[in-house]
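Undergrad: Sharing a structure, written as structure tokens. Questions coming.
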Amino acid sequence: MYGMKRTTIYLPEEMKSRLEHEASRRQITEAELIRRAVDNELHRRAPRGGIISGAPKDGITGANLHEHMEGFGEQ
């Protein structure tokens with residue numbers, strides 16, 4: 001296992017059972033399935049937070065959001 005480091009994880013019994021089944025189904029080791037899952041997760045684009053992402057043309061920012069939300073939700 002050149003270039004690899006060992007780590008230990010704790011899985012709930014039900015998840016471990018599913019891991020065993022899926023690794024067997026794919027005919028790969030559990031370690032390989034875990035490496036692939038971790039790699040996929042680490043390459044996933046992080047979700048952008050909040051309801052506003054970026055600065056729109058009208059200049060809404062976190063600092064002036066209250067001005068743009070005035071009256072929102074009122075009847």
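Convention: chains lettered A, B, ... in structure tokens order; per-chain residue numbering from 1; ligands numbered from 1 as shown.
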Could you pull the residues within 12 Å of A:Leu11, counting only C-alpha atoms, minus those fewer than 6 positions along the same chain, as number ranges by chain?
TA: A: 17-20, 34
Undergrad: Put those residues in a file: N, CA and C atoms, as a CSV table (one decimal), in the first residue's frame.
TA:
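Final output, saved to selection-v1.csv:
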```
chain,number,residue,atom,x,y,z
A,17,SER,N,-23.1,-3.2,7.3
A,17,SER,CA,-23.8,-4.2,6.5
A,17,SER,C,-24.0,-3.8,5.1
A,18,ARG,N,-24.5,-2.6,4.9
A,18,ARG,CA,-24.7,-2.1,3.5
A,18,ARG,C,-23.4,-2.0,2.8
A,19,LEU,N,-22.4,-1.5,3.5
A,19,LEU,CA,-21.0,-1.4,2.9
A,19,LEU,C,-20.5,-2.7,2.4
A,20,GLU,N,-20.6,-3.7,3.3
A,20,GLU,CA,-20.2,-5.1,2.9
A,20,GLU,C,-20.9,-5.6,1.7
A,34,ILE,N,-14.9,2.9,0.1
A,34,ILE,CA,-14.9,4.0,1.0
A,34,ILE,C,-14.0,5.1,0.4
```
